[in-house]
Amino acid sequence: MRSEAELLGLALALGADTVGTLTARERALLARAAPVTQSRVREVREQLRAGEDPLGEALCALRTVSERRARGAVYTPRVIVEAMTAWAAERPAARIVDPGVGSGRFLLAAARAFPEAELVGIDTDPFACLLVRAGLAVHGAGSRARVVLGDFRRAALAPRGAPTLFLGNPPYVRHHALSASDKAWFVTTARAAGLRASALAGLHAHFFLATSCHARPGDFGAFVTAAEWLDVNYGALVRELFLERLGGGALFLVEPRARPFADADTTAVVACFCVGERPQTLRFGTVADGAELGRLAGGRAVARARFEASSRWTGLTRRAAARPAGHVELGELFAVHRGQVTGDNATWVEREVANLPERVRFPAVTRAKELFAAVPVLAELAGLRRVIDLPADLDVLSASERRRVEVFLRAARGRGVHLGFIAQHRKAWWSVGLHAPAPLLATYMARRPPAFVRNPRGARHLNIAHGLYPREPLDDAVLDAVARYLNTNASLSGGRTYSGGLTKFEPREMQRLLVPGLELLRDAAREQGRGAVARRAAR
Ligand SMILES: C[S@@+](CC[C@H](N)C(=O)[O-])C[C@H]1O[C@@H](n2cnc3c(N)ncnc32)[C@H](O)[C@@H]1O
């Protein structure tokens with residue numbers, strides 16, 4: 001499709017103006033429609049009948065990614081639409097509501113799967129509303145459909161007395177882009193329902209709340225969204241709604257490598273719910289690749305109590321790893337701490353040798369790649385940048401040191417560094433407060449397993465690395481054995497996966513990695529020592 005006028009011409013030719021009553025905004029849009037050929041109309045009609053979405057695809061292509069993002073308009077791939085519709089079609093529904101209907105991918109699939117049901121599509125985008133009207137006309141479903149140009153949160157959806165199915169992909173718009181009145185609606189509506197809402201919640205959370213207000217016992221639904229609400233703080237409200245008011249029964253996590261959405265690099269989750277039910281076990285499945293996307297089945301049965309007790313749900317998809325004999329959690333042997341945040345690396349991480357006393361310049365790991373390159377031992381400090389860590393009490397400096405430091409701090413103050421959030425929350429804004437050197441350092445965020453690196457020269461580390469601090473003194477050979485074991489055995493499975501397969505290990509998640517207990521580590525260290533002696537003797 002070359003232009004909006006042409007797309008509008010197609011919608012008109014397919015019968016967009018025959019479905020329901022158009023709003024003034026939709027009529028104004030249709031007034032811009034350009035003529036289209038009959039053969040083109042025939043072709044698009046055939047595609048729509050075959051379950052394709054040529055109109056929606058054309059609309060997406062005519063808009064920039066940022067225009068689509070601002071509306072939260074990432075349309076759902078057919079394979080997910082069909083899988084969710086098939087899941088839903090196992091129960092009867094008198095009405096289907098697609099909140100944020102877009103071009104109608106779900107609503108048209110539901111029109112085919114529920115040939116008698118009333119169809120309601122709601123969207124704030126008048127162009128999308130016209131396309132869904134055209135699709136409904138092609139499907140011969142116009143007379144049982146209602147297309148509402150408006151906000152789902154405020155839609156009038158009178159209870160039907162027979163089950164309503166809520167089916168769709170709520171818009172994902174981050175809270176920064178939501179208006180004050182949107183946020184006020186969220187907080188007051190949640191409060192009225194006896195729930196606490198976070199102002200950090202995105203629009204998809206608003207849709208869950210609105211659904212719980214519209215729905216009645218007996219209604220059911222399936223929503224696909226970005227998966228982050230499963231784990232983040234603002235998601236607490238969505239988790240509670242899902243578990244309690246919506247009667248959540250199954251979750252299917254679509255892993256990033258399955259690439260659920262072509263132009264949004266994200267982990268998705270399909271949440272299935274039956275309002276009024278309270279299952280004692282929920283199904284939690286993972287969809288690892290595109291081929292598995294087609295069916296929402298299987299998954300683990302996870303006790304409701306585990307969902308209630310956990311503030312992060314992604315981990316519930318995993319079976320607790322069987323613990324080999326003699327192994328313990330890393331946290332039994334080490335405390336894991338994230339490195340220090342400077343608040344302004346441009347100031348506190350030296351780009352060149354500063355005219356500052358040597359004793360306030362600390363060689364530090366400031367980039368994860370320094371650790372990846374060093375595995376298994378960070379043998380040299382020479383290649384590292386220095387972090388400036390001044391004492392909170394500057395009086396401990398000599399007069400000449402103090403003069404140099406004052407020059408440096410005056411320049412930093414001139415750039416407003418003292419006003420930064422982190423700086424203001426430190427004991428003294430100029431004192432970064434590096435942690436003590438950790439004998440073992442680890443990366444924690446990458447598309448590969450963490451790298452564990454021995455640190456015998458005592459490099460410090462910033463917050464791109466974790467430091468592993470032994471809970472009791474361990475000799476070097478045992479530390480080497482731990483690093484060797486983790487570098488060979490640690491996988492991505494204990495961390496949390498973000499967009500595009502990036503996996504992150506919070507300190508506590510890293511502490512849960514399994515390692516051989518002290519006895520086994522000492523055996524391994526002795527074994528390694530004997531091997532080294534034998535190799536030297538053989539040379
Ligand atoms: C993620 S898209 C889903 C579109 C379609 N259901 C699909 O799955 O392909 C979300 C849709 O919600 C619409 N939307 C955004 N804010 C809305 C609101 N407050 N009320 C109703 N729809 C809204 C957007 O215009 C967009 O079409």
# chains A, B, ... in the order shown; residues from 1 in each chain; ligands from 1

$ residues_near_ligand --ligand "ligand 1" --cutoff "7 Å" --atoms "only C-alpha atoms and all ligand atoms" --output "MDAnalysis selection string"
chainID A and resid 71:76 98:106 122:125 128 150:153 168:172

$ residues_around --residues "A:Asn463" --least-positions-apart "2" --cutoff "6 Å" --atoms "only C-alpha atoms" --output "ChimeraX atom specification"
/A:338-341,465

$ write_last_selection --atoms "N, CA, C and O atoms" --output "compact mmCIF listing (two decimals), in the first residue's frame"
# COMPACT_ATOMS: atom_id res chain seq x y z
N ARG A 338 26.85 -6.75 44.35
CA ARG A 338 27.03 -5.97 43.13
C ARG A 338 28.06 -4.88 43.41
O ARG A 338 28.15 -4.36 44.52
N GLY A 339 28.83 -4.52 42.38
CA GLY A 339 29.84 -3.47 42.56
C GLY A 339 29.21 -2.10 42.76
O GLY A 339 27.99 -1.93 42.65
N GLN A 340 30.06 -1.14 43.05
CA GLN A 340 29.58 0.20 43.41
C GLN A 340 29.09 0.98 42.18
O GLN A 340 29.62 0.83 41.09
N VAL A 341 28.09 1.80 42.41
CA VAL A 341 27.59 2.72 41.38
C VAL A 341 28.30 4.05 41.61
O VAL A 341 28.36 4.51 42.75
N ALA A 465 29.78 -5.62 37.56
CA ALA A 465 30.23 -6.95 38.00
C ALA A 465 29.73 -7.20 39.42
O ALA A 465 29.38 -6.27 40.15

$ select_by_dssp --residues "stretch 310-363 of chain A" --states "strand (DSSP E or B)" --output "JSON, numbers by chain"
{"A": [327, 328, 329, 334, 335, 336, 337, 338, 340, 349, 361, 362, 363]}

$ residues_around --residues "A:Leu200" --least-positions-apart "3" --cutoff "12 Å" --atoms "only C-alpha atoms" --output "mmCIF file with C-alpha atoms, in the first residue's frame"
data_model
loop_
_atom_site.group_PDB
_atom_site.id
_atom_site.type_symbol
_atom_site.label_atom_id
_atom_site.label_comp_id
_atom_site.auth_asym_id
_atom_site.auth_seq_id
_atom_site.Cartn_x
_atom_site.Cartn_y
_atom_site.Cartn_z
ATOM 1 C CA VAL A 173 2.954 1.950 26.768
ATOM 2 C CA ARG A 174 5.423 2.768 29.528
ATOM 3 C CA HIS A 175 4.292 4.906 32.409
ATOM 4 C CA HIS A 176 6.471 7.868 31.323
ATOM 5 C CA ALA A 177 4.204 8.306 28.306
ATOM 6 C CA LEU A 178 0.953 8.163 30.274
ATOM 7 C CA SER A 179 -0.878 11.349 31.226
ATOM 8 C CA ALA A 180 -1.509 12.480 34.789
ATOM 9 C CA ASP A 182 -4.432 8.190 33.110
ATOM 10 C CA LYS A 183 -2.357 7.609 36.233
ATOM 11 C CA ALA A 184 -5.020 9.133 38.454
ATOM 12 C CA PHE A 186 -5.333 3.837 37.664
ATOM 13 C CA VAL A 187 -4.641 4.766 41.269
ATOM 14 C CA ARG A 196 -2.527 -0.598 45.788
ATOM 15 C CA ALA A 197 -1.357 0.681 42.432
ATOM 16 C CA LEU A 203 -0.871 0.908 30.047
ATOM 17 C CA HIS A 204 -1.092 -2.899 29.850
ATOM 18 C CA ALA A 205 -1.496 -2.943 33.655
ATOM 19 C CA HIS A 206 -4.368 -0.453 33.276
ATOM 20 C CA TRP A 229 4.744 -7.727 35.073
ATOM 21 C CA VAL A 232 8.762 -6.264 38.595
ATOM 22 C CA ASN A 233 7.413 -4.264 41.526
ATOM 23 C CA TYR A 234 4.704 -2.426 39.619
ATOM 24 C CA GLY A 235 3.482 -5.814 38.404
ATOM 25 C CA ALA A 236 2.336 -6.713 41.931
ATOM 26 C CA LEU A 237 -1.106 -5.320 41.140
#

$ atom_distance --atom1 "atom CA of A:Leu230" --atom2 "atom CA of A:Glu509"
16.2 Å

$ closest_residue --among "A:His425, A:Arg367, A:His337, A:Arg312" --to "A:Arg508" --atoms "only C-alpha atoms"
A:His337

$ closest_residue --among "A:Leu30, A:Ala162, A:Ala271, A:Leu251" --to "A:Leu316" --atoms "only C-alpha atoms"
A:Leu251

$ residues_around --residues "A:Lys369" --least-positions-apart "6" --cutoff "12 Å" --atoms "only C-alpha atoms" --output "compact mmCIF listing (two decimals) with all heavy atoms, in the first residue's frame"
# COMPACT_ATOMS: atom_id res chain seq x y z
N VAL A 375 39.19 -14.27 31.86
CA VAL A 375 38.93 -15.63 32.40
C VAL A 375 40.16 -16.53 32.18
O VAL A 375 40.70 -16.54 31.08
CB VAL A 375 37.71 -16.26 31.68
CG1 VAL A 375 37.51 -17.71 32.10
CG2 VAL A 375 36.44 -15.47 31.95
N LEU A 378 42.40 -12.52 36.50
CA LEU A 378 42.74 -11.14 36.16
C LEU A 378 44.14 -10.91 36.73
O LEU A 378 44.32 -10.50 37.87
CB LEU A 378 41.71 -10.20 36.81
CG LEU A 378 41.79 -8.72 36.47
CD1 LEU A 378 41.62 -8.48 34.97
CD2 LEU A 378 40.72 -7.96 37.22
N GLY A 383 45.94 -2.89 32.59
CA GLY A 383 44.99 -2.55 31.52
C GLY A 383 43.70 -1.92 32.04
O GLY A 383 42.84 -1.52 31.24
N LEU A 384 43.53 -1.85 33.36
CA LEU A 384 42.25 -1.37 33.89
C LEU A 384 42.25 0.15 34.05
O LEU A 384 43.29 0.76 34.30
CB LEU A 384 41.99 -1.99 35.27
CG LEU A 384 41.89 -3.52 35.30
CD1 LEU A 384 41.69 -3.98 36.75
CD2 LEU A 384 40.73 -4.00 34.42
N ALA A 442 32.54 -11.64 39.00
CA ALA A 442 31.69 -12.31 38.01
C ALA A 442 30.91 -11.27 37.21
O ALA A 442 30.48 -10.25 37.76
CB ALA A 442 30.71 -13.25 38.71
N THR A 443 30.74 -11.55 35.93
CA THR A 443 29.81 -10.75 35.14
C THR A 443 28.41 -11.24 35.49
O THR A 443 28.25 -12.37 35.97
CB THR A 443 30.03 -10.94 33.63
OG1 THR A 443 29.78 -12.30 33.31
CG2 THR A 443 31.45 -10.56 33.23
N TYR A 444 27.40 -10.40 35.26
CA TYR A 444 26.06 -10.89 35.61
C TYR A 444 25.01 -10.55 34.59
O TYR A 444 23.83 -10.87 34.78
CB TYR A 444 25.65 -10.36 36.98
CG TYR A 444 25.47 -8.87 37.05
CD1 TYR A 444 24.25 -8.27 36.73
CD2 TYR A 444 26.52 -8.05 37.44
CE1 TYR A 444 24.10 -6.90 36.80
CE2 TYR A 444 26.38 -6.69 37.52
CZ TYR A 444 25.16 -6.12 37.20
OH TYR A 444 25.01 -4.77 37.25
N MET A 445 25.39 -9.91 33.49
CA MET A 445 24.36 -9.56 32.51
C MET A 445 24.96 -9.69 31.13
O MET A 445 25.87 -8.94 30.76
CB MET A 445 23.92 -8.13 32.76
CG MET A 445 22.86 -7.71 31.80
SD MET A 445 21.49 -7.02 32.71
CE MET A 445 21.27 -5.52 31.82
N ALA A 446 24.51 -10.67 30.38
CA ALA A 446 25.03 -10.90 29.03
C ALA A 446 24.13 -11.91 28.33
O ALA A 446 23.19 -12.44 28.93
CB ALA A 446 26.46 -11.43 29.09
N ARG A 448 25.34 -14.60 27.42
CA ARG A 448 26.09 -15.83 27.64
C ARG A 448 26.19 -16.05 29.15
O ARG A 448 25.92 -15.13 29.92
CB ARG A 448 27.47 -15.70 27.00
CG ARG A 448 28.19 -14.43 27.43
CD ARG A 448 29.30 -14.07 26.49
NE ARG A 448 30.55 -14.57 27.01
CZ ARG A 448 31.74 -14.22 26.53
NH1 ARG A 448 31.83 -13.40 25.50
NH2 ARG A 448 32.83 -14.70 27.05
N PRO A 450 27.52 -16.25 32.93
CA PRO A 450 28.46 -15.35 33.61
C PRO A 450 29.89 -15.87 33.52
O PRO A 450 30.11 -17.09 33.47
CB PRO A 450 27.99 -15.35 35.06
CG PRO A 450 26.67 -16.03 35.09
CD PRO A 450 26.51 -16.81 33.84
N ALA A 451 30.85 -14.94 33.52
CA ALA A 451 32.26 -15.33 33.57
C ALA A 451 32.75 -15.12 35.00
O ALA A 451 32.47 -14.08 35.60
CB ALA A 451 33.07 -14.47 32.61
N VAL A 453 36.01 -14.85 37.50
CA VAL A 453 37.42 -14.51 37.31
C VAL A 453 38.09 -14.33 38.67
O VAL A 453 37.59 -13.59 39.53
CB VAL A 453 37.53 -13.20 36.48
CG1 VAL A 453 38.98 -12.78 36.33
CG2 VAL A 453 36.89 -13.39 35.11
N ILE A 464 29.04 -3.15 37.09
CA ILE A 464 28.88 -4.04 35.95
C ILE A 464 29.32 -5.46 36.34
O ILE A 464 29.25 -6.37 35.52
CB ILE A 464 29.68 -3.57 34.70
CG1 ILE A 464 31.12 -3.27 35.08
CG2 ILE A 464 29.05 -2.34 34.09
CD1 ILE A 464 31.98 -4.41 35.23
N ALA A 465 29.78 -5.62 37.56
CA ALA A 465 30.23 -6.95 38.00
C ALA A 465 29.73 -7.20 39.42
O ALA A 465 29.38 -6.27 40.15
CB ALA A 465 31.75 -7.03 37.97

$ residues_around --residues "stretch 521-533 of chain A" --least-positions-apart "2" --cutoff "10 Å" --atoms "only C-alpha atoms" --output "count of residues only"
22

$ residues_around --residues "stretch 34-51 of chain A" --least-positions-apart "5" --cutoff "6 Å" --atoms "only C-alpha atoms" --output "mmCIF file with N, CA and C atoms, in the first residue's frame"
data_model
loop_
_atom_site.group_PDB
_atom_site.id
_atom_site.type_symbol
_atom_site.label_atom_id
_atom_site.label_comp_id
_atom_site.auth_asym_id
_atom_site.auth_seq_id
_atom_site.Cartn_x
_atom_site.Cartn_y
_atom_site.Cartn_z
ATOM 1 N N ALA A 5 -4.367 7.221 1.891
ATOM 2 C CA ALA A 5 -5.591 7.421 1.091
ATOM 3 C C ALA A 5 -5.976 6.114 0.395
ATOM 4 N N GLU A 6 -4.973 5.407 -0.104
ATOM 5 C CA GLU A 6 -5.250 4.154 -0.794
ATOM 6 C C GLU A 6 -5.791 3.105 0.188
ATOM 7 N N GLY A 9 -9.234 3.889 0.946
ATOM 8 C CA GLY A 9 -10.052 3.524 -0.219
ATOM 9 C C GLY A 9 -10.400 2.041 -0.183
#

$ closest_residue --among "A:Ala364, A:Leu356, A:Val336, A:Met510" --to "A:Tyr469" --atoms "only C-alpha atoms"
A:Val336

$ closest_residue --among "A:Arg69, A:Arg160, A:Arg112, A:Arg359" --to "A:Thr85" --atoms "only C-alpha atoms"
A:Arg112

$ atom_distance --atom1 "atom CA of A:Thr23" --atom2 "atom CA of A:Ala117"
23.6 Å

$ residues_around --residues "stretch 273-289 of chain A" --least-positions-apart "5" --cutoff "7 Å" --atoms "only C-alpha atoms" --output "number ranges by chain"
A: 216-222, 245-255, 257-258, 298-304, 317
